[in-house]
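S.K.: mmCIF, C-alpha atoms, saved as coords_9.cif, coming up:
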```cif
data_query
loop_
_atom_site.label_atom_id
_atom_site.label_comp_id
_atom_site.auth_asym_id
_atom_site.auth_seq_id
_atom_site.Cartn_x
_atom_site.Cartn_y
_atom_site.Cartn_z
CA MET A 16 55.53 12.94 4.21
CA ALA A 17 54.11 12.04 7.63
CA THR A 18 56.28 9.84 9.82
CA ASP A 19 54.82 10.40 13.31
CA ILE A 20 51.87 8.00 13.13
CA PRO A 21 49.65 6.29 15.71
CA PRO A 22 50.61 2.78 16.93
CA GLY A 23 49.32 -0.01 14.70
CA THR A 24 49.19 2.18 11.60
CA THR A 25 51.23 1.18 8.57
CA PRO A 26 53.66 3.99 7.62
CA PHE A 27 53.02 5.56 4.21
CA GLU A 28 56.25 4.01 2.93
CA GLY A 29 54.86 0.55 3.67
CA ARG A 30 51.72 1.02 1.60
CA LYS A 31 51.45 -0.04 -2.03
CA HIS A 32 51.19 3.54 -3.32
CA PRO A 33 52.64 5.81 -0.62
CA LYS A 34 52.38 8.98 -2.71
CA VAL A 35 48.64 8.70 -3.35
CA LEU A 36 46.08 10.36 -1.07
CA CYS A 37 42.31 9.74 -1.23
CA MET A 38 40.11 12.41 0.34
CA PHE A 39 36.41 11.84 1.04
CA ASP A 40 33.46 14.08 1.65
CA VAL A 41 31.32 12.65 4.49
CA ASP A 42 27.56 13.09 3.96
CA ASP A 43 26.30 11.00 1.02
CA THR A 44 29.86 9.91 0.25
CA LEU A 45 30.97 7.86 3.27
CA THR A 46 27.65 7.90 5.15
CA ARG A 47 24.08 9.02 4.69
CA PRO A 48 23.52 12.41 6.42
CA ARG A 49 23.73 12.01 10.21
CA GLN A 50 23.87 8.21 9.86
CA LEU A 51 26.63 5.75 10.76
CA ALA A 52 29.06 4.39 8.18
CA LYS A 53 27.89 1.02 6.82
CA PRO A 54 30.06 -2.14 7.07
CA GLU A 55 30.73 -2.04 3.32
CA VAL A 56 32.29 1.41 3.65
CA VAL A 57 34.30 0.35 6.69
CA ASP A 58 35.74 -2.61 4.78
CA ALA A 59 36.51 -0.50 1.70
CA LEU A 60 38.43 2.08 3.74
CA LYS A 61 40.34 -0.62 5.58
CA LYS A 62 41.49 -2.08 2.23
CA LEU A 63 42.25 1.36 0.83
CA LYS A 64 44.46 2.26 3.79
CA GLU A 65 46.77 -0.61 2.80
CA TYR A 66 47.02 0.94 -0.66
CA CYS A 67 47.40 4.69 0.06
CA ALA A 68 46.81 7.52 2.55
CA ILE A 69 43.20 8.41 3.39
CA ALA A 70 41.47 11.56 4.65
CA PHE A 71 37.98 12.82 5.40
CA VAL A 72 36.96 16.40 4.65
CA GLY A 73 33.54 17.54 5.81
CA GLY A 74 31.74 20.81 6.38
CA SER A 75 30.26 19.73 9.70
CA ASP A 76 31.95 20.18 13.06
CA LEU A 77 34.28 17.47 14.30
CA GLY A 78 31.78 16.00 16.75
CA LYS A 79 29.18 15.23 14.10
CA ILE A 80 31.75 13.78 11.68
CA THR A 81 33.40 11.50 14.23
CA GLU A 82 29.99 10.30 15.41
CA GLN A 83 29.10 9.21 11.86
CA LEU A 84 32.51 7.67 11.15
CA LYS A 85 32.95 5.93 14.49
CA PRO A 86 32.38 2.44 12.98
CA VAL A 87 35.43 3.00 10.76
CA ALA A 88 37.85 3.22 13.68
CA PRO A 89 38.10 0.03 15.80
CA ASP A 90 38.91 2.02 18.94
CA GLY A 91 36.61 4.94 18.12
CA GLU A 92 39.55 7.31 17.55
CA VAL A 93 38.47 8.53 14.11
CA THR A 94 41.07 11.30 13.77
CA ALA A 95 43.83 8.78 14.48
CA TYR A 96 42.49 6.13 12.10
CA PHE A 97 42.41 8.50 9.12
CA ASP A 98 45.83 9.79 8.12
CA TYR A 99 44.32 13.26 7.84
CA GLY A 100 41.03 14.54 9.19
CA PHE A 101 39.39 17.82 8.16
CA ALA A 102 36.26 19.16 9.83
CA GLU A 103 34.65 22.47 8.83
CA ASN A 104 36.40 22.25 5.45
CA GLY A 105 39.82 21.90 7.07
CA LEU A 106 39.57 24.82 9.49
CA THR A 107 39.73 22.14 12.18
CA ALA A 108 42.46 19.78 10.99
CA PHE A 109 44.24 16.65 12.20
CA LYS A 110 47.31 14.79 10.96
CA ALA A 111 48.00 11.33 12.40
CA GLY A 112 45.63 12.11 15.25
CA LYS A 113 47.30 15.39 16.22
CA GLN A 114 45.49 18.70 15.79
CA LEU A 115 46.90 21.32 13.43
CA PRO A 116 46.45 25.13 13.71
CA SER A 117 42.89 26.33 13.04
CA ALA A 118 41.12 29.51 11.87
CA SER A 119 38.08 31.41 13.20
CA PHE A 120 35.03 32.71 11.30
CA ILE A 121 34.11 35.25 13.97
CA GLN A 122 37.60 36.74 14.06
CA HIS A 123 37.53 37.07 10.28
CA VAL A 124 34.20 38.88 9.87
CA GLY A 125 34.01 40.67 13.24
CA GLU A 126 31.32 40.54 15.91
CA GLU A 127 29.27 43.51 14.63
CA GLU A 128 29.05 42.23 11.05
CA TYR A 129 28.21 38.76 12.31
CA LYS A 130 25.31 40.10 14.37
CA LYS A 131 23.93 41.90 11.31
CA LEU A 132 24.23 38.68 9.29
CA ALA A 133 22.56 36.56 11.98
CA ASN A 134 19.73 39.05 12.48
CA PHE A 135 19.04 39.19 8.75
CA ILE A 136 18.95 35.39 8.51
CA LEU A 137 16.52 35.04 11.41
CA ARG A 138 14.20 37.76 10.02
CA TYR A 139 14.32 36.14 6.59
CA LEU A 140 13.50 32.69 7.96
CA SER A 141 10.56 34.06 9.94
CA ASP A 142 8.86 34.80 6.60
CA VAL A 143 9.79 31.56 4.82
CA ASP A 144 6.95 29.05 4.49
CA VAL A 145 8.28 25.47 4.74
CA PRO A 146 6.48 22.25 5.74
CA VAL A 147 7.84 22.25 9.33
CA LYS A 148 10.12 24.36 11.51
CA ARG A 149 12.20 22.88 14.30
CA GLY A 150 15.12 24.18 16.36
CA THR A 151 18.66 25.43 15.57
CA PHE A 152 18.23 27.53 12.43
CA ILE A 153 21.76 28.93 12.72
CA GLU A 154 24.56 26.67 13.94
CA PHE A 155 27.71 28.59 14.80
CA ARG A 156 30.91 26.69 14.08
CA LYS A 157 34.53 27.69 14.42
CA GLY A 158 35.14 28.30 10.74
CA MET A 159 31.63 28.98 9.39
CA ILE A 160 27.94 29.13 10.15
CA ASN A 161 25.38 26.57 8.99
CA VAL A 162 21.89 27.82 8.12
CA SER A 163 18.84 25.56 7.98
CA PRO A 164 15.38 26.83 6.93
CA ILE A 165 13.64 24.03 8.89
CA GLY A 166 16.18 23.74 11.72
CA ARG A 167 18.87 21.17 12.34
CA ASN A 168 16.76 19.44 15.01
CA ALA A 169 14.48 18.02 12.30
CA SER A 170 13.94 14.25 12.27
CA LYS A 171 15.19 12.03 9.46
CA GLU A 172 11.70 11.87 7.94
CA GLU A 173 11.36 15.66 8.14
CA ARG A 174 14.77 16.06 6.50
CA ASP A 175 13.77 13.75 3.66
CA ASP A 176 10.50 15.67 3.16
CA PHE A 177 12.25 19.05 3.15
CA GLU A 178 14.83 17.87 0.61
CA LYS A 179 12.02 17.01 -1.81
CA PHE A 180 10.25 20.31 -1.06
CA ASP A 181 13.46 22.29 -1.55
CA ASN A 182 14.21 20.58 -4.87
CA GLU A 183 10.81 21.79 -6.09
CA HIS A 184 10.70 25.27 -4.53
CA ASN A 185 14.42 26.25 -4.32
CA ILE A 186 14.14 27.56 -0.77
CA ARG A 187 17.88 27.42 -0.12
CA LYS A 188 18.94 28.77 -3.52
CA THR A 189 16.59 31.75 -3.17
CA MET A 190 17.84 32.53 0.33
CA VAL A 191 21.47 32.29 -0.75
CA ALA A 192 20.80 34.79 -3.55
CA ALA A 193 19.32 37.24 -1.03
CA LEU A 194 22.31 36.88 1.30
CA LYS A 195 24.80 37.37 -1.55
CA GLU A 196 23.11 40.64 -2.48
CA LYS A 197 22.79 41.97 1.08
CA PHE A 198 26.26 41.03 2.33
CA ALA A 199 28.41 41.30 -0.80
CA HIS A 200 30.88 43.48 1.13
CA LEU A 201 31.78 40.57 3.44
CA LYS A 202 33.04 38.45 0.53
CA LEU A 203 31.44 35.25 1.79
CA THR A 204 30.86 31.92 0.07
CA TYR A 205 27.49 30.18 0.36
CA SER A 206 27.60 26.44 -0.18
CA ILE A 207 24.51 24.21 -0.31
CA GLY A 208 25.15 20.76 1.14
CA GLY A 209 23.33 17.88 2.77
CA GLN A 210 19.53 17.78 2.84
CA ILE A 211 18.41 20.78 4.86
CA SER A 212 21.06 23.49 5.10
CA PHE A 213 23.84 25.55 3.58
CA ASP A 214 27.21 26.74 4.88
CA VAL A 215 28.44 30.34 5.01
CA PHE A 216 32.17 31.05 5.23
CA PRO A 217 34.82 33.50 3.94
CA GLN A 218 35.87 33.15 0.31
CA GLY A 219 38.65 30.59 0.03
CA TRP A 220 37.47 28.73 3.13
CA ASP A 221 35.66 26.05 1.14
CA LYS A 222 36.96 22.47 1.10
CA THR A 223 40.03 23.54 -0.89
CA TYR A 224 41.23 25.00 2.43
CA SER A 225 42.02 21.43 3.48
CA LEU A 226 44.49 21.13 0.60
CA ASN A 227 46.71 23.69 2.34
CA HIS A 228 47.51 20.99 4.88
CA VAL A 229 48.49 18.29 2.36
CA GLU A 230 49.83 19.96 -0.79
CA LYS A 231 53.41 19.99 0.55
CA GLU A 232 53.29 16.47 1.99
CA GLY A 233 54.86 14.89 -1.09
CA PHE A 234 51.76 13.33 -2.67
CA GLU A 235 51.84 12.88 -6.44
CA GLU A 236 48.11 12.15 -6.72
CA ILE A 237 45.29 13.54 -4.57
CA HIS A 238 41.91 11.97 -5.32
CA PHE A 239 38.72 13.57 -4.01
CA PHE A 240 35.36 11.79 -3.79
CA GLY A 241 32.16 13.77 -3.23
CA ASP A 242 28.49 13.86 -4.17
CA LYS A 243 27.75 17.60 -4.52
CA THR A 244 30.39 18.36 -7.12
CA TYR A 245 28.15 20.54 -9.30
CA GLU A 246 28.57 24.33 -9.30
CA GLY A 247 27.07 25.66 -6.09
CA GLY A 248 27.49 22.33 -4.30
CA ASN A 249 29.83 22.19 -1.33
CA ASP A 250 32.18 19.74 -3.08
CA HIS A 251 32.54 21.72 -6.31
CA GLU A 252 35.62 23.79 -5.51
CA ILE A 253 37.82 20.93 -4.32
CA PHE A 254 36.45 18.61 -7.01
CA SER A 255 37.47 21.04 -9.76
CA ASP A 256 40.72 22.22 -8.14
CA PRO A 257 43.76 21.46 -10.37
CA ARG A 258 45.53 19.87 -7.40
CA THR A 259 42.97 17.05 -7.18
CA ILE A 260 41.57 14.25 -9.34
CA GLY A 261 37.83 14.57 -8.80
CA HIS A 262 35.31 11.72 -8.61
CA THR A 263 31.55 12.30 -8.38
CA VAL A 264 29.64 9.71 -6.36
CA LYS A 265 25.90 9.20 -5.88
CA ASN A 266 25.93 7.71 -2.38
CA PRO A 267 28.14 5.57 -0.09
CA ASP A 268 27.41 2.43 -2.09
CA ASP A 269 28.64 4.17 -5.22
CA THR A 270 31.77 5.27 -3.36
CA VAL A 271 32.54 1.62 -2.56
CA ARG A 272 31.87 0.63 -6.17
CA GLN A 273 34.24 3.30 -7.52
CA LEU A 274 36.97 2.39 -5.02
CA ASN A 275 36.73 -1.22 -6.15
CA GLU A 276 37.06 -0.19 -9.80
CA LEU A 277 39.83 2.35 -9.28
CA PHE A 278 41.97 0.71 -6.62
CA HIS A 279 40.91 -2.55 -5.02
CA ASN A 280 40.46 -4.61 -8.18
CA LYS A 281 43.90 -3.43 -9.35
CA ALA A 282 45.74 -3.52 -6.04
#
```
Could you express the structure from this file as structure tokens?
M.R.:
Amino acid sequence: MATDIPPGTTPFEGRKHPKVLCMFDVDDTLTRPRQLAKPEVVDALKKLKEYCAIAFVGGSDLGKITEQLKPVAPDGEVTAYFDYGFAENGLTAFKAGKQLPSASFIQHVGEEEYKKLANFILRYLSDVDVPVKRGTFIEFRKGMINVSPIGRNASKEERDDFEKFDNEHNIRKTMVAALKEKFAHLKLTYSIGGQISFDVFPQGWDKTYSLNHVEKEGFEEIHFFGDKTYEGGNDHEIFSDPRTIGHTVKNPDDTVRQLNELFHNKA
């Protein structure tokens, strides 16, 4: 159990249920994609931190996550406010504000195989007909790559429009199937998340990777809250993992509602 904690933080032993950990997906669980956390979420997390340990676990890089969650931390130090912080599914990890050892996608697959993968993706996307195309179709992260058929530079309105288009035409699902067939030898996982993209990472490097950092910390219950808990969604593996108690949420408002029902109204 963690003892080296930032100043002003209540030690686990001083919380009402010190052996309970609540882990949260970010997009559509704590915030809308690329949006700031709402005051209702901030208040709910503040109450929850008096009850148990809290953690975020997102697929995005740390910069994007901390930008969205900045309202949660009074001083802006998001990784210190959360007891545990996991970006890129836990490949970039923090405990009590201090960084833990990380892993590298490029070292795992090798430069030559990565170039083949990237070239295939770019050729494939050149033939895909979607409503708009913007910039950053492949975003390289430390533990994965993120692929977006319209580009991550799309506006909020363009993201909303693509999400509707993708739900009708299965652009991402079809592309994932092609990648699985072409690069089966790399043993990669393809995880659709958010509105406009999907993540690509080595098998076992999904959000369950974050559990490696907490499973020996003495917690008796680990709750996970996420929106894409269905098979193929980027929350499915950790949601269904036997080490967690999974909760499916619809959006940040639903997260607050479930926290009130599960913890706050009983605390």
S.K.: To test your reading of the syntax: which residues would the PyMOL selection byres ((chain A and resi 181-198) around 8) return for the file shown? Reply as number ranges by chain.
M.R.: A: 132, 164, 177-180, 199-203, 205, 207, 212-213
S.K.: Name every residue that the PyMOL selection byres ((chain A and resi 171) around 12) selects in this structure, writing the answer as a compact mmCIF listing (two decimals) with C-alpha atoms, in the frame of the given file with chains first and numbers rising.
M.R.:
```txt
# COMPACT_ATOMS: atom_id res chain seq x y z
CA ARG A 47 24.08 9.02 4.69
CA PRO A 48 23.52 12.41 6.42
CA ARG A 49 23.73 12.01 10.21
CA GLN A 50 23.87 8.21 9.86
CA GLY A 166 16.18 23.74 11.72
CA ARG A 167 18.87 21.17 12.34
CA ASN A 168 16.76 19.44 15.01
CA ALA A 169 14.48 18.02 12.30
CA SER A 170 13.94 14.25 12.27
CA GLU A 172 11.70 11.87 7.94
CA GLU A 173 11.36 15.66 8.14
CA ARG A 174 14.77 16.06 6.50
CA ASP A 175 13.77 13.75 3.66
CA ASP A 176 10.50 15.67 3.16
CA PHE A 177 12.25 19.05 3.15
CA GLU A 178 14.83 17.87 0.61
CA GLN A 210 19.53 17.78 2.84
CA ILE A 211 18.41 20.78 4.86
```
S.K.: Check which residues satisfy the PyMOL selection byres ((chain A and resi 245) around 12) in the file shown, then give them as a ChimeraX atom specification.
M.R.: /A:206-208,241-244,246-255,261-264
S.K.: Around the point (41.9, 7.9, -4.0) (coordinates from the file), which residues reach within 9 Å if we count only C-alpha atoms? Answer as an MDAnalysis selection string.
M.R.: chainID A and resid 35:39 63 67:69 236:240 260 262 274 277:278
S.K.: Give one line per residue of stretch 153-271 of chain A that approaches stretch 75-85 of chain A to at most 12 Å, naming the two atoms of the closest pair and their distance in Å to one decimal, counting all atoms listed in the file; sort by chain then ascending residue number and deliver it as a tab-separated table.
M.R.:
```
residue	atom	partner	partner_atom	distance
A:Glu154	CA	A:Asp76	CA	9.9
A:Phe155	CA	A:Asp76	CA	9.6
A:Arg156	CA	A:Asp76	CA	6.7
A:Lys157	CA	A:Asp76	CA	8.1
A:Gly158	CA	A:Asp76	CA	9.0
A:Met159	CA	A:Ser75	CA	9.4
A:Ile160	CA	A:Ser75	CA	9.7
A:Asn161	CA	A:Ser75	CA	8.4
A:Val162	CA	A:Ser75	CA	11.7
A:Arg167	CA	A:Ser75	CA	11.8
A:Gly208	CA	A:Ser75	CA	10.0
A:Gly209	CA	A:Ser75	CA	10.0
A:Ser212	CA	A:Ser75	CA	11.0
A:Phe213	CA	A:Ser75	CA	10.6
A:Asp214	CA	A:Ser75	CA	9.0
A:Val215	CA	A:Ser75	CA	11.7
A:Asp221	CA	A:Ser75	CA	11.9
A:Lys222	CA	A:Ser75	CA	11.2
A:Asn249	CA	A:Ser75	CA	11.3
```
S.K.: Give me the residues near A:Ala52 as a ChimeraX atom specification, where near means some atom within 12 Å (using all atoms listed in the file) and where sequence neighbours in that chain fewer than 3 positions away do not count.
M.R.: /A:41-49,55-60,80-88,93,266-268,270-271
S.K.: Supply stretch 174-194 of chain A as a short mmCIF file (atom, residue, chain, number, x, y, z; two decimals), in the coordinates of the input, with N, CA, C and O atoms built in where the input has gaps.
M.R.:
```cif
data_model
loop_
_atom_site.label_atom_id
_atom_site.label_comp_id
_atom_site.auth_asym_id
_atom_site.auth_seq_id
_atom_site.Cartn_x
_atom_site.Cartn_y
_atom_site.Cartn_z
N ARG A 174 13.68 15.70 7.40
CA ARG A 174 14.77 16.06 6.50
C ARG A 174 14.51 15.56 5.08
O ARG A 174 14.72 16.29 4.10
N ASP A 175 14.06 14.32 4.98
CA ASP A 175 13.77 13.75 3.66
C ASP A 175 12.67 14.54 2.96
O ASP A 175 12.75 14.82 1.76
N ASP A 176 11.63 14.91 3.72
CA ASP A 176 10.50 15.67 3.16
C ASP A 176 10.94 17.06 2.71
O ASP A 176 10.53 17.54 1.65
N PHE A 177 11.79 17.71 3.53
CA PHE A 177 12.25 19.05 3.15
C PHE A 177 13.12 19.00 1.90
O PHE A 177 13.05 19.90 1.05
N GLU A 178 13.97 17.99 1.79
CA GLU A 178 14.83 17.87 0.61
C GLU A 178 13.99 17.83 -0.66
O GLU A 178 14.31 18.51 -1.65
N LYS A 179 12.92 17.07 -0.65
CA LYS A 179 12.02 17.01 -1.81
C LYS A 179 11.35 18.36 -2.04
O LYS A 179 11.25 18.83 -3.18
N PHE A 180 10.90 19.01 -0.97
CA PHE A 180 10.25 20.31 -1.06
C PHE A 180 11.22 21.36 -1.60
O PHE A 180 10.86 22.17 -2.47
N ASP A 181 12.45 21.33 -1.12
CA ASP A 181 13.46 22.29 -1.55
C ASP A 181 13.84 22.09 -3.02
O ASP A 181 14.06 23.06 -3.75
N ASN A 182 13.91 20.85 -3.46
CA ASN A 182 14.21 20.58 -4.87
C ASN A 182 13.15 21.17 -5.79
O ASN A 182 13.44 21.58 -6.92
N GLU A 183 11.91 21.24 -5.29
CA GLU A 183 10.81 21.79 -6.09
C GLU A 183 10.70 23.31 -5.98
O GLU A 183 10.43 23.99 -6.97
N HIS A 184 10.95 23.85 -4.78
CA HIS A 184 10.70 25.27 -4.53
C HIS A 184 11.96 26.12 -4.37
O HIS A 184 11.86 27.35 -4.24
N ASN A 185 13.15 25.52 -4.38
CA ASN A 185 14.42 26.25 -4.32
C ASN A 185 14.51 27.21 -3.13
O ASN A 185 14.94 28.37 -3.27
N ILE A 186 14.11 26.73 -1.98
CA ILE A 186 14.14 27.56 -0.77
C ILE A 186 15.57 28.01 -0.46
O ILE A 186 15.84 29.20 -0.23
N ARG A 187 16.51 27.08 -0.47
CA ARG A 187 17.88 27.42 -0.12
C ARG A 187 18.54 28.29 -1.19
O ARG A 187 19.24 29.26 -0.86
N LYS A 188 18.34 27.98 -2.45
CA LYS A 188 18.94 28.77 -3.52
C LYS A 188 18.45 30.21 -3.49
O LYS A 188 19.22 31.16 -3.68
N THR A 189 17.16 30.41 -3.23
CA THR A 189 16.59 31.75 -3.17
C THR A 189 17.14 32.54 -1.98
O THR A 189 17.47 33.72 -2.10
N MET A 190 17.29 31.86 -0.86
CA MET A 190 17.84 32.53 0.33
C MET A 190 19.30 32.89 0.14
O MET A 190 19.74 33.98 0.54
N VAL A 191 20.06 32.00 -0.47
CA VAL A 191 21.47 32.29 -0.75
C VAL A 191 21.61 33.52 -1.64
O VAL A 191 22.47 34.38 -1.41
N ALA A 192 20.75 33.63 -2.65
CA ALA A 192 20.80 34.79 -3.55
C ALA A 192 20.55 36.08 -2.78
O ALA A 192 21.21 37.10 -3.02
N ALA A 193 19.61 36.05 -1.84
CA ALA A 193 19.32 37.24 -1.03
C ALA A 193 20.50 37.62 -0.15
O ALA A 193 20.83 38.80 0.01
N LEU A 194 21.15 36.62 0.44
CA LEU A 194 22.31 36.88 1.30
C LEU A 194 23.49 37.43 0.49
O LEU A 194 24.20 38.33 0.95
#
```
